[in-house]
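Okay, my_file_6.pdb now, which holds PDB, C-alpha atoms:
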ATOM      1  CA  MET A 184       0.000   0.000   0.000
ATOM      2  CA  ARG A 185       1.218   3.505  -0.831
ATOM      3  CA  ILE A 186       0.226   6.367   1.469
ATOM      4  CA  LEU A 187       0.193  10.104   0.741
ATOM      5  CA  VAL A 188       1.444  11.958   3.826
ATOM      6  CA  THR A 189       1.105  15.744   3.958
ATOM      7  CA  GLY A 190       3.370  17.695   6.278
ATOM      8  CA  ALA A 191       6.052  15.057   5.720
ATOM      9  CA  ALA A 192       8.784  17.463   6.848
ATOM     10  CA  GLY A 193       6.856  18.226  10.042
ATOM     11  CA  PHE A 194       7.134  16.629  13.457
ATOM     12  CA  ILE A 195       4.203  14.203  13.344
ATOM     13  CA  GLY A 196       4.213  13.759   9.557
ATOM     14  CA  ASN A 197       7.828  12.671   9.564
ATOM     15  CA  ALA A 198       7.305  10.243  12.449
ATOM     16  CA  VAL A 199       4.239   8.727  10.767
ATOM     17  CA  SER A 200       6.154   8.381   7.485
ATOM     18  CA  MET A 201       8.943   6.517   9.282
ATOM     19  CA  ALA A 202       6.484   4.153  10.972
ATOM     20  CA  LEU A 203       4.606   3.458   7.725
ATOM     21  CA  MET A 204       7.815   2.531   5.924
ATOM     22  CA  ASP A 205       8.990   0.466   8.866
ATOM     23  CA  ARG A 206       5.941  -1.770   8.455
ATOM     24  CA  GLY A 207       6.372  -2.090   4.689
ATOM     25  CA  ASN A 208       4.295   0.743   3.199
ATOM     26  CA  GLU A 209       5.564   3.174   0.599
ATOM     27  CA  VAL A 210       5.170   6.886   1.345
ATOM     28  CA  LEU A 211       4.667   9.848  -0.964
ATOM     29  CA  GLY A 212       5.389  12.872   1.213
ATOM     30  CA  ILE A 213       4.479  16.468   0.429
ATOM     31  CA  ASP A 214       5.306  19.650   2.329
ATOM     32  CA  ASN A 215       5.562  23.329   1.461
ATOM     33  CA  GLY A 216       8.692  23.779   3.594
ATOM     34  CA  ASN A 217       7.652  27.157   4.972
ATOM     35  CA  ASP A 218       9.877  29.095   7.369
ATOM     36  CA  TYR A 219       7.567  29.105  10.400
ATOM     37  CA  TYR A 220      10.461  27.373  12.159
ATOM     38  CA  SER A 221      13.907  26.006  11.270
ATOM     39  CA  LEU A 222      14.214  24.816   7.682
ATOM     40  CA  ALA A 223      17.364  22.943   8.687
ATOM     41  CA  LEU A 224      15.309  20.816  11.076
ATOM     42  CA  LYS A 225      12.730  20.105   8.371
ATOM     43  CA  ARG A 226      15.451  19.125   5.905
ATOM     44  CA  ALA A 227      17.029  16.854   8.513
ATOM     45  CA  ARG A 228      13.713  15.096   9.051
ATOM     46  CA  LEU A 229      13.288  14.547   5.306
ATOM     47  CA  GLU A 230      16.811  13.179   5.014
ATOM     48  CA  ARG A 231      16.065  10.839   7.901
ATOM     49  CA  ALA A 232      13.002   9.517   6.051
ATOM     50  CA  ARG A 233      14.883   9.204   2.769
ATOM     51  CA  ILE A 234      17.671   7.145   4.337
ATOM     52  CA  ALA A 235      15.301   4.967   6.355
ATOM     53  CA  GLY A 236      13.007   4.400   3.369
ATOM     54  CA  ASP A 237      15.733   3.081   1.094
ATOM     55  CA  GLY A 238      13.606   3.843  -1.966
ATOM     56  CA  ALA A 239      10.199   3.623  -0.241
ATOM     57  CA  PHE A 240      10.038   7.385   0.390
ATOM     58  CA  ALA A 241       9.323   9.903  -2.350
ATOM     59  CA  PHE A 242       8.957  13.630  -1.694
ATOM     60  CA  ARG A 243       7.362  16.548  -3.528
ATOM     61  CA  GLY A 244       7.880  20.096  -2.313
ATOM     62  CA  VAL A 245       4.509  21.762  -2.914
ATOM     63  CA  ASP A 246       1.984  24.021  -1.220
ATOM     64  CA  PHE A 247      -1.021  21.702  -0.911
ATOM     65  CA  ALA A 248      -3.279  24.751  -0.482
ATOM     66  CA  ASP A 249      -2.572  25.640  -4.121
ATOM     67  CA  PRO A 250      -4.892  23.248  -6.022
ATOM     68  CA  ALA A 251      -3.156  23.684  -9.383
ATOM     69  CA  ALA A 252       0.308  23.121  -7.938
ATOM     70  CA  LEU A 253      -0.954  20.152  -5.938
ATOM     71  CA  ALA A 254      -2.539  18.563  -9.015
ATOM     72  CA  GLN A 255       0.700  18.969 -10.929
ATOM     73  CA  ALA A 256       2.779  17.473  -8.108
ATOM     74  CA  LEU A 257       0.469  14.459  -7.831
ATOM     75  CA  GLU A 258       0.140  13.854 -11.569
ATOM     76  CA  GLY A 259       1.122  10.286 -12.381
ATOM     77  CA  GLU A 260       1.384   9.360  -8.693
ATOM     78  CA  ASP A 261      -0.704   6.528  -7.274
ATOM     79  CA  PHE A 262      -1.638   6.150  -3.603
ATOM     80  CA  ASP A 263      -4.338   4.290  -1.723
ATOM     81  CA  ARG A 264      -4.878   6.335   1.431
ATOM     82  CA  ILE A 265      -4.038   9.790   2.780
ATOM     83  CA  VAL A 266      -2.677  10.915   6.137
ATOM     84  CA  HIS A 267      -3.224  14.671   6.089
ATOM     85  CA  LEU A 268      -1.016  16.162   8.805
ATOM     86  CA  GLY A 269       0.178  19.322   7.058
ATOM     87  CA  ALA A 270      -1.113  22.551   8.607
ATOM     88  CA  GLN A 271      -0.108  25.908   9.983
ATOM     89  CA  PRO A 272       0.323  25.075  13.688
ATOM     90  CA  GLY A 273       0.485  27.203  16.798
ATOM     91  CA  VAL A 274      -2.096  29.080  18.845
ATOM     92  CA  ARG A 275      -0.111  32.246  19.540
ATOM     93  CA  TYR A 276       1.133  32.753  15.988
ATOM     94  CA  SER A 277      -2.473  32.783  14.782
ATOM     95  CA  LEU A 278      -2.833  36.149  16.530
ATOM     96  CA  GLU A 279      -0.027  37.559  14.381
ATOM     97  CA  ASN A 280      -0.623  35.962  11.003
ATOM     98  CA  PRO A 281      -4.259  34.842  10.699
ATOM     99  CA  HIS A 282      -4.205  34.581   6.894
ATOM    100  CA  ALA A 283      -1.606  31.802   7.057
ATOM    101  CA  TYR A 284      -4.135  29.710   8.988
ATOM    102  CA  ALA A 285      -6.991  30.330   6.581
ATOM    103  CA  HIS A 286      -4.683  29.402   3.686
ATOM    104  CA  SER A 287      -3.108  26.206   5.020
ATOM    105  CA  ASN A 288      -5.764  24.910   7.373
ATOM    106  CA  ILE A 289      -8.962  25.721   5.499
ATOM    107  CA  THR A 290      -8.065  26.077   1.810
ATOM    108  CA  GLY A 291      -5.451  23.338   2.200
ATOM    109  CA  HIS A 292      -7.827  20.941   3.919
ATOM    110  CA  LEU A 293     -10.421  21.512   1.214
ATOM    111  CA  ALA A 294      -7.812  20.746  -1.446
ATOM    112  CA  LEU A 295      -7.046  17.382   0.182
ATOM    113  CA  LEU A 296     -10.732  16.555   0.490
ATOM    114  CA  GLU A 297     -11.048  17.186  -3.244
ATOM    115  CA  VAL A 298      -8.103  14.882  -3.929
ATOM    116  CA  ALA A 299      -9.773  12.186  -1.818
ATOM    117  CA  ARG A 300     -13.054  12.754  -3.624
ATOM    118  CA  TYR A 301     -11.830  12.585  -7.211
ATOM    119  CA  ARG A 302      -9.363   9.770  -6.631
ATOM    120  CA  GLN A 303     -11.893   7.748  -4.607
ATOM    121  CA  ILE A 304      -9.404   7.295  -1.808
ATOM    122  CA  GLU A 305     -10.032   4.373   0.549
ATOM    123  CA  HIS A 306      -9.593   6.476   3.689
ATOM    124  CA  MET A 307      -8.218   9.867   4.726
ATOM    125  CA  VAL A 308      -7.019  10.442   8.285
ATOM    126  CA  TYR A 309      -6.520  14.104   9.127
ATOM    127  CA  ALA A 310      -5.144  16.165  11.998
ATOM    128  CA  SER A 311      -7.489  18.134  14.169
ATOM    129  CA  SER A 312      -6.572  19.488  17.608
ATOM    130  CA  SER A 313      -7.597  19.518  21.246
ATOM    131  CA  SER A 314      -7.804  23.300  20.769
ATOM    132  CA  VAL A 315     -11.308  22.824  19.315
ATOM    133  CA  TYR A 316     -12.602  22.354  22.874
ATOM    134  CA  GLY A 317     -11.848  26.007  23.644
ATOM    135  CA  GLY A 318     -12.307  26.921  27.282
ATOM    136  CA  ASN A 319     -14.321  23.789  28.050
ATOM    137  CA  ALA A 320     -14.464  23.516  31.852
ATOM    138  CA  LYS A 321     -15.570  19.870  31.786
ATOM    139  CA  LEU A 322     -12.651  17.474  32.189
ATOM    140  CA  PRO A 323     -11.617  15.242  30.592
ATOM    141  CA  PHE A 324     -12.515  16.467  27.095
ATOM    142  CA  SER A 325     -14.748  14.002  25.266
ATOM    143  CA  VAL A 326     -15.464  13.823  21.535
ATOM    144  CA  ASP A 327     -19.119  14.063  22.542
ATOM    145  CA  ASP A 328     -18.578  17.522  24.073
ATOM    146  CA  ARG A 329     -19.630  20.643  22.172
ATOM    147  CA  ALA A 330     -16.757  22.255  20.284
ATOM    148  CA  ASP A 331     -18.293  25.431  18.924
ATOM    149  CA  HIS A 332     -16.666  28.051  21.174
ATOM    150  CA  PRO A 333     -13.015  28.247  20.026
ATOM    151  CA  VAL A 334     -10.755  30.756  21.784
ATOM    152  CA  SER A 335      -8.174  31.062  18.979
ATOM    153  CA  LEU A 336      -8.286  31.279  15.197
ATOM    154  CA  TYR A 337      -6.134  28.161  15.022
ATOM    155  CA  ALA A 338      -8.826  26.261  16.923
ATOM    156  CA  ALA A 339     -11.534  27.709  14.662
ATOM    157  CA  THR A 340      -9.721  26.488  11.533
ATOM    158  CA  LYS A 341      -9.364  22.987  12.961
ATOM    159  CA  ARG A 342     -13.051  22.852  13.850
ATOM    160  CA  ALA A 343     -13.805  24.076  10.328
ATOM    161  CA  ASP A 344     -11.774  21.124   8.992
ATOM    162  CA  GLU A 345     -13.989  18.749  10.956
ATOM    163  CA  LEU A 346     -17.158  20.359   9.637
ATOM    164  CA  MET A 347     -15.947  20.315   6.017
ATOM    165  CA  SER A 348     -15.024  16.664   6.446
ATOM    166  CA  GLU A 349     -18.497  15.866   7.742
ATOM    167  CA  THR A 350     -19.944  17.494   4.628
ATOM    168  CA  TYR A 351     -17.715  15.479   2.272
ATOM    169  CA  ALA A 352     -18.473  12.248   4.121
ATOM    170  CA  HIS A 353     -22.169  13.033   3.672
ATOM    171  CA  LEU A 354     -22.068  14.109   0.022
ATOM    172  CA  TYR A 355     -19.437  11.763  -1.378
ATOM    173  CA  ARG A 356     -19.320   8.942   1.222
ATOM    174  CA  ILE A 357     -15.555   9.342   1.651
ATOM    175  CA  PRO A 358     -14.279   7.494   4.751
ATOM    176  CA  LEU A 359     -12.677  10.167   6.949
ATOM    177  CA  THR A 360     -11.172  10.134  10.430
ATOM    178  CA  GLY A 361     -10.256  13.295  12.334
ATOM    179  CA  LEU A 362      -7.762  13.082  15.191
ATOM    180  CA  ARG A 363      -7.777  15.661  17.957
ATOM    181  CA  PHE A 364      -4.140  15.656  19.055
ATOM    182  CA  PHE A 365      -3.205  16.695  22.579
ATOM    183  CA  THR A 366       0.167  18.399  23.252
ATOM    184  CA  VAL A 367       2.588  16.199  21.316
ATOM    185  CA  TYR A 368       6.262  16.049  22.305
ATOM    186  CA  GLY A 369       9.324  13.903  21.786
ATOM    187  CA  PRO A 370      12.446  13.565  19.600
ATOM    188  CA  TRP A 371      12.387  15.607  16.380
ATOM    189  CA  GLY A 372       9.740  17.865  17.916
ATOM    190  CA  ARG A 373       8.810  21.469  17.129
ATOM    191  CA  PRO A 374      10.973  24.397  18.299
ATOM    192  CA  ASP A 375       7.914  26.550  19.033
ATOM    193  CA  MET A 376       6.512  24.171  21.658
ATOM    194  CA  ALA A 377       7.053  24.347  25.408
ATOM    195  CA  MET A 378       9.187  21.209  25.739
ATOM    196  CA  TRP A 379      11.741  22.511  23.217
ATOM    197  CA  LEU A 380      11.581  26.133  24.416
ATOM    198  CA  PHE A 381      12.158  25.193  28.046
ATOM    199  CA  THR A 382      14.943  22.707  27.288
ATOM    200  CA  SER A 383      16.735  25.181  25.030
ATOM    201  CA  ALA A 384      16.518  28.011  27.565
ATOM    202  CA  ILE A 385      17.596  25.907  30.538
ATOM    203  CA  LEU A 386      20.638  24.450  28.753
ATOM    204  CA  GLU A 387      21.655  27.903  27.505
ATOM    205  CA  GLY A 388      21.104  29.619  30.846
ATOM    206  CA  ARG A 389      18.215  31.807  29.696
ATOM    207  CA  PRO A 390      15.018  32.435  31.677
ATOM    208  CA  ILE A 391      11.848  30.588  30.744
ATOM    209  CA  LYS A 392       8.417  32.184  30.370
ATOM    210  CA  VAL A 393       5.806  30.455  32.513
ATOM    211  CA  PHE A 394       2.309  31.624  31.626
ATOM    212  CA  ASN A 395      -0.680  31.842  33.970
ATOM    213  CA  HIS A 396       1.905  31.914  36.779
ATOM    214  CA  GLY A 397       2.414  28.191  36.313
ATOM    215  CA  GLU A 398      -1.237  27.241  36.808
ATOM    216  CA  MET A 399      -1.355  25.291  33.538
ATOM    217  CA  TYR A 400      -2.127  21.621  32.915
ATOM    218  CA  ARG A 401      -1.548  19.721  29.683
ATOM    219  CA  ASP A 402      -2.168  16.220  28.393
ATOM    220  CA  PHE A 403       1.385  15.696  27.125
ATOM    221  CA  THR A 404       1.438  12.851  24.587
ATOM    222  CA  TYR A 405       4.656  11.183  23.441
ATOM    223  CA  ILE A 406       5.210  11.001  19.689
ATOM    224  CA  ASP A 407       5.377   7.180  19.577
ATOM    225  CA  ASP A 408       1.914   6.967  21.154
ATOM    226  CA  ILE A 409       0.534   9.494  18.662
ATOM    227  CA  VAL A 410       1.949   7.500  15.744
ATOM    228  CA  ALA A 411       0.472   4.256  17.069
ATOM    229  CA  GLY A 412      -2.949   5.903  17.182
ATOM    230  CA  VAL A 413      -2.667   7.353  13.687
ATOM    231  CA  LEU A 414      -1.745   3.982  12.160
ATOM    232  CA  ALA A 415      -4.462   2.135  14.060
ATOM    233  CA  CYS A 416      -7.078   4.548  12.735
ATOM    234  CA  LEU A 417      -5.652   4.521   9.202
ATOM    235  CA  ASP A 418      -6.053   0.744   9.075
ATOM    236  CA  ALA A 419      -9.758   0.862  10.026
ATOM    237  CA  PRO A 420     -11.842   3.257   7.894
ATOM    238  CA  PRO A 421     -15.218   4.168   9.412
ATOM    239  CA  ALA A 422     -18.004   2.137   7.827
ATOM    240  CA  ASP A 423     -20.766   3.700   5.751
ATOM    241  CA  ASP A 424     -23.443   1.816   7.649
ATOM    242  CA  GLY A 425     -25.588   4.564   9.135
ATOM    243  CA  ALA A 426     -24.423   3.774  12.661
ATOM    244  CA  ALA A 427     -23.235   6.602  14.913
ATOM    245  CA  LYS A 428     -19.449   6.944  14.953
ATOM    246  CA  ALA A 429     -17.192   8.489  17.595
ATOM    247  CA  GLY A 430     -18.026  12.172  17.551
ATOM    248  CA  GLY A 431     -21.661  11.571  16.625
ATOM    249  CA  SER A 432     -21.642  11.329  12.819
ATOM    250  CA  THR A 433     -23.823   8.723  11.099
ATOM    251  CA  LYS A 434     -21.740   9.172   7.940
ATOM    252  CA  PRO A 435     -18.378   7.415   7.331
ATOM    253  CA  HIS A 436     -16.663  10.065   9.492
ATOM    254  CA  ALA A 437     -15.202   9.513  12.956
ATOM    255  CA  LEU A 438     -13.541  11.882  15.431
ATOM    256  CA  TYR A 439     -11.137  10.736  18.137
ATOM    257  CA  ASN A 440      -9.023  12.235  20.875
ATOM    258  CA  ILE A 441      -5.430  11.042  20.898
ATOM    259  CA  GLY A 442      -3.860  11.895  24.231
ATOM    260  CA  ASN A 443      -2.035  10.371  27.156
ATOM    261  CA  ASN A 444      -5.223  10.371  29.265
ATOM    262  CA  ARG A 445      -3.407  12.359  31.978
ATOM    263  CA  SER A 446      -3.402  16.086  32.705
ATOM    264  CA  GLU A 447       0.060  16.999  33.968
ATOM    265  CA  PRO A 448       0.850  20.211  35.907
ATOM    266  CA  LEU A 449       3.189  22.393  33.862
ATOM    267  CA  LEU A 450       5.383  23.008  36.910
ATOM    268  CA  LYS A 451       5.894  19.245  37.271
ATOM    269  CA  VAL A 452       6.998  19.026  33.640
ATOM    270  CA  ILE A 453       9.408  21.941  34.108
ATOM    271  CA  GLY A 454      10.865  20.076  37.093
ATOM    272  CA  LEU A 455      11.379  16.955  34.973
ATOM    273  CA  ILE A 456      13.134  19.011  32.282
ATOM    274  CA  GLU A 457      15.367  20.618  34.927
ATOM    275  CA  GLU A 458      16.276  17.186  36.266
ATOM    276  CA  ALA A 459      17.075  15.855  32.778
ATOM    277  CA  CYS A 460      19.127  18.957  31.940
ATOM    278  CA  GLY A 461      20.959  18.866  35.268
ATOM    279  CA  ARG A 462      20.268  22.505  36.123
ATOM    280  CA  LYS A 463      17.514  24.745  37.449
ATOM    281  CA  ALA A 464      15.479  27.141  35.354
ATOM    282  CA  GLU A 465      15.118  30.842  35.980
ATOM    283  CA  ARG A 466      11.332  31.202  35.858
ATOM    284  CA  VAL A 467       9.557  34.359  34.736
ATOM    285  CA  LEU A 468       5.920  34.121  35.798
ATOM    286  CA  LEU A 469       3.513  35.775  33.377
ATOM    287  CA  PRO A 470      -0.274  36.082  32.956
ATOM    288  CA  MET A 471      -2.289  33.873  30.606
ATOM    289  CA  GLN A 472      -1.683  34.458  26.912
ATOM    290  CA  PRO A 473      -4.612  35.395  24.645
ATOM    291  CA  GLY A 474      -6.042  32.325  22.900
ATOM    292  CA  ASP A 475      -4.578  29.881  25.426
ATOM    293  CA  VAL A 476      -6.450  27.603  27.839
ATOM    294  CA  GLU A 477      -5.641  26.575  31.397
ATOM    295  CA  LYS A 478      -6.198  22.827  31.168
ATOM    296  CA  THR A 479      -6.372  20.042  28.606
ATOM    297  CA  TYR A 480      -7.172  16.421  29.370
ATOM    298  CA  ALA A 481      -8.131  13.746  26.833
ATOM    299  CA  ASP A 482     -10.909  11.236  27.279
ATOM    300  CA  ILE A 483      -9.650   8.409  25.030
ATOM    301  CA  ALA A 484     -12.512   5.969  25.628
ATOM    302  CA  ALA A 485     -13.685   6.095  22.003
ATOM    303  CA  ILE A 486     -10.335   5.346  20.345
ATOM    304  CA  ARG A 487      -9.521   2.780  23.013
ATOM    305  CA  THR A 488     -12.798   0.932  22.346
ATOM    306  CA  ASP A 489     -12.701   1.189  18.537
ATOM    307  CA  HIS A 490      -8.970   0.735  17.882
ATOM    308  CA  GLY A 491      -7.367  -0.638  21.032
ATOM    309  CA  TYR A 492      -5.350   2.541  21.532
ATOM    310  CA  GLU A 493      -3.379   2.594  24.784
ATOM    311  CA  PRO A 494      -0.685   5.245  25.386
ATOM    312  CA  ALA A 495       2.445   3.644  26.819
ATOM    313  CA  THR A 496       4.825   6.514  27.637
ATOM    314  CA  LEU A 497       4.657   8.310  30.975
ATOM    315  CA  ILE A 498       5.826  11.916  31.134
ATOM    316  CA  GLU A 499       8.550  10.791  33.575
ATOM    317  CA  ASP A 500      10.015   8.630  30.786
ATOM    318  CA  GLY A 501       9.258  10.829  27.796
ATOM    319  CA  VAL A 502      10.901  14.034  29.038
ATOM    320  CA  PRO A 503      14.366  12.494  29.560
ATOM    321  CA  GLN A 504      14.140  10.858  26.124
ATOM    322  CA  PHE A 505      13.404  14.219  24.516
ATOM    323  CA  VAL A 506      16.223  15.987  26.383
ATOM    324  CA  ARG A 507      18.695  13.259  25.371
ATOM    325  CA  TRP A 508      17.672  13.647  21.729
ATOM    326  CA  TYR A 509      17.889  17.448  21.975
ATOM    327  CA  ARG A 510      21.443  17.259  23.346
ATOM    328  CA  ASP A 511      22.485  14.831  20.607
ATOM    329  CA  TYR A 512      20.867  16.881  17.829
ATOM    330  CA  HIS A 513      22.523  20.114  18.975
ATOM    331  CA  GLY A 514      25.760  18.536  20.135
ATOM    332  CA  ALA A 515      25.049  19.931  23.606
TER     333      ALA A 515
END

Please render this file's structure as structure tokens.
Amino acid sequence: MRILVTGAAGFIGNAVSMALMDRGNEVLGIDNGNDYYSLALKRARLERARIAGDGAFAFRGVDFADPAALAQALEGEDFDRIVHLGAQPGVRYSLENPHAYAHSNITGHLALLEVARYRQIEHMVYASSSSVYGGNAKLPFSVDDRADHPVSLYAATKRADELMSETYAHLYRIPLTGLRFFTVYGPWGRPDMAMWLFTSAILEGRPIKVFNHGEMYRDFTYIDDIVAGVLACLDAPPADDGAAKAGGSTKPHALYNIGNNRSEPLLKVIGLIEEACGRKAERVLLPMQPGDVEKTYADIAAIRTDHGYEPATLIEDGVPQFVRWYRDYHGA
């Protein structure tokens, strides 16, 4: 089976590509290679996939939100399923550059739905986000909860992706699965995320910014557990049988949380990073950032029941693994 993976130079896209090839699939990766963060890191991820694939990994540099360019890049290419992980990420950056989110996350998602429609793809798994829950005070977050009060544009675009997918599943009976990721971390992660920012600052002796005065809780999910969930869902397209799926759709469209099923205090995580780095952080306590939320916590009952998903990596094990990788990658 050959799989189209968008965002193949990204954190999760690269890890999923590696896992697909490891089990014998071929991967056609696409990515626009934008400069939201280090291009050197993105190139290193692609080189990692190329070497590991030994001919099973092909890559096309293209903006998937440009339908004409996407059609040209995919001309003559065959693939059976799609894992659509490419997007403009980040809550805070959406306050600065909202048009980037409309372009990549809405226009881009529509472009991939059209590819799935016209090619009659067997199944498309796509990335949503725990951000769609907004300021939901009910914990843990369930896929049955309302998700129509986003507190950031990023969250609004991800909820829009889910709604567009529901429409395409209804009109064209395309099997679709949306995955609401909770704070993903681990080796080859993103430089704009807390785990990387804190590790970098602590090792370099710079202060760290701790928002909401440290009263933050996150469902930190290790990359290997995320990948296991993505592949399990990819292998089991939702049936077009009229039965209600996770998330409530009666179309061939399911929604799942993928998290660690634990809400960890941010201050505990900072302590684990300090321990792994072998030095204390200088903490600058700041108020809550616009668009952010105090707590996230994933109810994974649906994906556990339907796909046997069971996260295996505790934060106490995952943080040291990330810090070790970070030191190796930077020669620190």

| query | Nearest to Met201 of chain A among A:Pro374, A:Asn215, A:Val410, A:Arg401, with distances taken over all atoms listed in the file: which residue is it? | reply |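 Going through A:Pro374, A:Asn215, A:Val410, A:Arg401 one by one, the smallest distance to Met201 of chain A is for A:Val410.
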
Evaluate the PyMOL selection byres ((chain A and resi 443-446) around 6) and report residues as a PDB file with C-alpha atoms, keeping the file's coordinate frame:
ATOM      1  CA  TYR A 400      -2.127  21.621  32.915  1.00  0.00           C
ATOM      2  CA  ARG A 401      -1.548  19.721  29.683  1.00  0.00           C
ATOM      3  CA  ASP A 402      -2.168  16.220  28.393  1.00  0.00           C
ATOM      4  CA  THR A 404       1.438  12.851  24.587  1.00  0.00           C
ATOM      5  CA  GLY A 442      -3.860  11.895  24.231  1.00  0.00           C
ATOM      6  CA  GLU A 447       0.060  16.999  33.968  1.00  0.00           C
ATOM      7  CA  TYR A 480      -7.172  16.421  29.370  1.00  0.00           C
ATOM      8  CA  ALA A 481      -8.131  13.746  26.833  1.00  0.00           C
ATOM      9  CA  PRO A 494      -0.685   5.245  25.386  1.00  0.00           C
TER      10      PRO A 494
END

| field | Nearest to Val502 of chain A, chosen from A:Leu336, A:Leu469, A:Val452, A:Ala429, with only C-alpha atoms counted in the distances | value |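 Smallest distance to Val502 of chain A is found for A:Val452.
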
| task | On this file, the PyMOL selection byres ((chain A and resi 285) around 12) gives some set of residues; write that set as a list in words. | result |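 On the file shown, the PyMOL selection byres ((chain A and resi 285) around 12) covers Ala248, Ala270, Gln271, Pro272, Ser277, Asn280, Pro281, His282, Ala283, Tyr284, His286, Ser287, Asn288, Ile289, Thr290, Gly291, His292, Leu293, Leu336, Tyr337, Ala338, Ala339, Thr340, Lys341, Ala343 and Asp344 of chain A.
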
Expected file: the selected residues, C-alpha atoms, as a PDB file, keeping the file's coordinate frame:
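Saved file again.pdb follows:
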ATOM      1  CA  ALA A 248      -3.279  24.751  -0.482  1.00  0.00           C
ATOM      2  CA  ALA A 270      -1.113  22.551   8.607  1.00  0.00           C
ATOM      3  CA  GLN A 271      -0.108  25.908   9.983  1.00  0.00           C
ATOM      4  CA  PRO A 272       0.323  25.075  13.688  1.00  0.00           C
ATOM      5  CA  SER A 277      -2.473  32.783  14.782  1.00  0.00           C
ATOM      6  CA  ASN A 280      -0.623  35.962  11.003  1.00  0.00           C
ATOM      7  CA  PRO A 281      -4.259  34.842  10.699  1.00  0.00           C
ATOM      8  CA  HIS A 282      -4.205  34.581   6.894  1.00  0.00           C
ATOM      9  CA  ALA A 283      -1.606  31.802   7.057  1.00  0.00           C
ATOM     10  CA  TYR A 284      -4.135  29.710   8.988  1.00  0.00           C
ATOM     11  CA  HIS A 286      -4.683  29.402   3.686  1.00  0.00           C
ATOM     12  CA  SER A 287      -3.108  26.206   5.020  1.00  0.00           C
ATOM     13  CA  ASN A 288      -5.764  24.910   7.373  1.00  0.00           C
ATOM     14  CA  ILE A 289      -8.962  25.721   5.499  1.00  0.00           C
ATOM     15  CA  THR A 290      -8.065  26.077   1.810  1.00  0.00           C
ATOM     16  CA  GLY A 291      -5.451  23.338   2.200  1.00  0.00           C
ATOM     17  CA  HIS A 292      -7.827  20.941   3.919  1.00  0.00           C
ATOM     18  CA  LEU A 293     -10.421  21.512   1.214  1.00  0.00           C
ATOM     19  CA  LEU A 336      -8.286  31.279  15.197  1.00  0.00           C
ATOM     20  CA  TYR A 337      -6.134  28.161  15.022  1.00  0.00           C
ATOM     21  CA  ALA A 338      -8.826  26.261  16.923  1.00  0.00           C
ATOM     22  CA  ALA A 339     -11.534  27.709  14.662  1.00  0.00           C
ATOM     23  CA  THR A 340      -9.721  26.488  11.533  1.00  0.00           C
ATOM     24  CA  LYS A 341      -9.364  22.987  12.961  1.00  0.00           C
ATOM     25  CA  ALA A 343     -13.805  24.076  10.328  1.00  0.00           C
ATOM     26  CA  ASP A 344     -11.774  21.124   8.992  1.00  0.00           C
TER      27      ASP A 344
END

| query | Of the candidates A:Thr382, A:Ser432, A:Ser314, A:Gln303, which shows the shortest atom-to-atom distance to Ser348 of chain A, using all atoms listed in the file? | reply | A:Ser432

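Distance annotation: of A:Arg228, A:Arg462, A:Met184, A:Ile195, the residue with the minimal separation from Glu209 of chain A is A:Met184; atom set is only C-alpha atoms.
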